[in-house]
Amino acid sequence: MEDYKVPANTRIGHVHLKVSDLQKSLDFYCGLLGFELMMKYGDQAAFISAGGYHHHIGLNTWHSKGQPPAPETAPGLYHTAILYPERKDLAIILKRLIDAKYPITGASDHGVSEAIYLDDPDGNGVELYWDRPKDQWPLDDNGDLTMFTKALDVHGLLALAK
């Protein structure tokens with residue numbers, strides 16, 4: 001086979017999640033995280049977006065209504081990552097989560113990005129993050145990217161939320 005690489009401008013268009021309770025998921029993704037409801041498909045599915053795109057996240061109960069979360073150790077989606085445009089935007093959503101007393105499962109500095117981790121009402125992992133500018137990414141002595149996981153400077157981040 002020929003060597004093939006996905007074109008550089010390729011993007012992940014959307015994620016579609018199986019959920020057990022559509023309204024609980026809408027309360028989380030729209031009510032708490034601030035996504036906009038674009039369309040509902042009866043009481044079985046909803047399509048939500050940032051900035052009016054047709055949908056970044058699809059939510060459906062077609063095969064999962066009323067079901068428990070998938071086992072943590074089973075194959076499947078690890079998390080959906082939501083990329084914020086600026087560090088201040090990440091600070092604002094972090095403050096919103098804290099004010100709502102929503103459980104946060106982790107917070108990390110990865111060198112290339114800063115991230116907050118939580119689970120949606122169905123136990124689906126959610127990463128909220130922003131990328132540092134590429135010229136600030138950590139490189140080793142050979143100029144190769146060196147990502148890491150360190151504690152997030154939560155206090156410094158929250159100072160931007162004012």
# chains A, B, ... in the order shown; residues from 1 in each chain; ligands from 1

$ select_by_dssp --residues "chain A" --states "strand (DSSP E)" --output "count of residues only"
45

$ closest_atom_pairs --of "range 2-109 of chain A" --to "range 113-125 of chain A" --cutoff "8 Å" --atoms "only C-alpha atoms" --output "tab-separated table"
residue	atom	partner	partner_atom	distance
A:Val19	CA	A:Asp122	CA	6.2
A:Ser20	CA	A:Asp122	CA	6.7
A:Lys24	CA	A:Pro121	CA	6.7
A:Ser25	CA	A:Pro121	CA	6.4
A:Phe28	CA	A:Asp120	CA	6.9
A:Pro68	CA	A:Asp122	CA	7.4
A:Pro69	CA	A:Asp122	CA	5.3
A:Ala70	CA	A:Gly123	CA	7.6
A:Leu77	CA	A:Asn124	CA	7.5
A:Tyr78	CA	A:Gly125	CA	6.0
A:His79	CA	A:Gly125	CA	4.0
A:Thr80	CA	A:Gly125	CA	6.3
A:Leu94	CA	A:Ile116	CA	7.6
A:Pro103	CA	A:Leu118	CA	6.6
A:Ile104	CA	A:Leu118	CA	4.7
A:Thr105	CA	A:Leu118	CA	4.9
A:Gly106	CA	A:Tyr117	CA	4.8
A:Ala107	CA	A:Ile116	CA	4.4
A:Ser108	CA	A:Ala115	CA	5.3
A:Asp109	CA	A:Glu114	CA	4.5

$ atom_distance --atom1 "CA of Ile57 in chain A" --atom2 "CA of Asp153 in chain A"
28.8 Å

$ residues_around --residues "range 60-63 of chain A" --least-positions-apart "4" --cutoff "10 Å" --atoms "only C-alpha atoms" --output "MDAnalysis selection string"
chainID A and resid 16:22 25 40:41 43:47 67

$ residues_around --residues "Lys88 in chain A" --least-positions-apart "3" --cutoff "8 Å" --atoms "only C-alpha atoms" --output "ChimeraX atom specification"
/A:91-92,157,160-161

$ atom_distance --atom1 "CA of Leu37 in chain A" --atom2 "CA of Gln23 in chain A"
11.5 Å

$ closest_residue --among "A:Gly111, A:Gly156, A:Gly31, A:Pro85" --to "Gln136 in chain A" --atoms "only C-alpha atoms"
A:Gly111
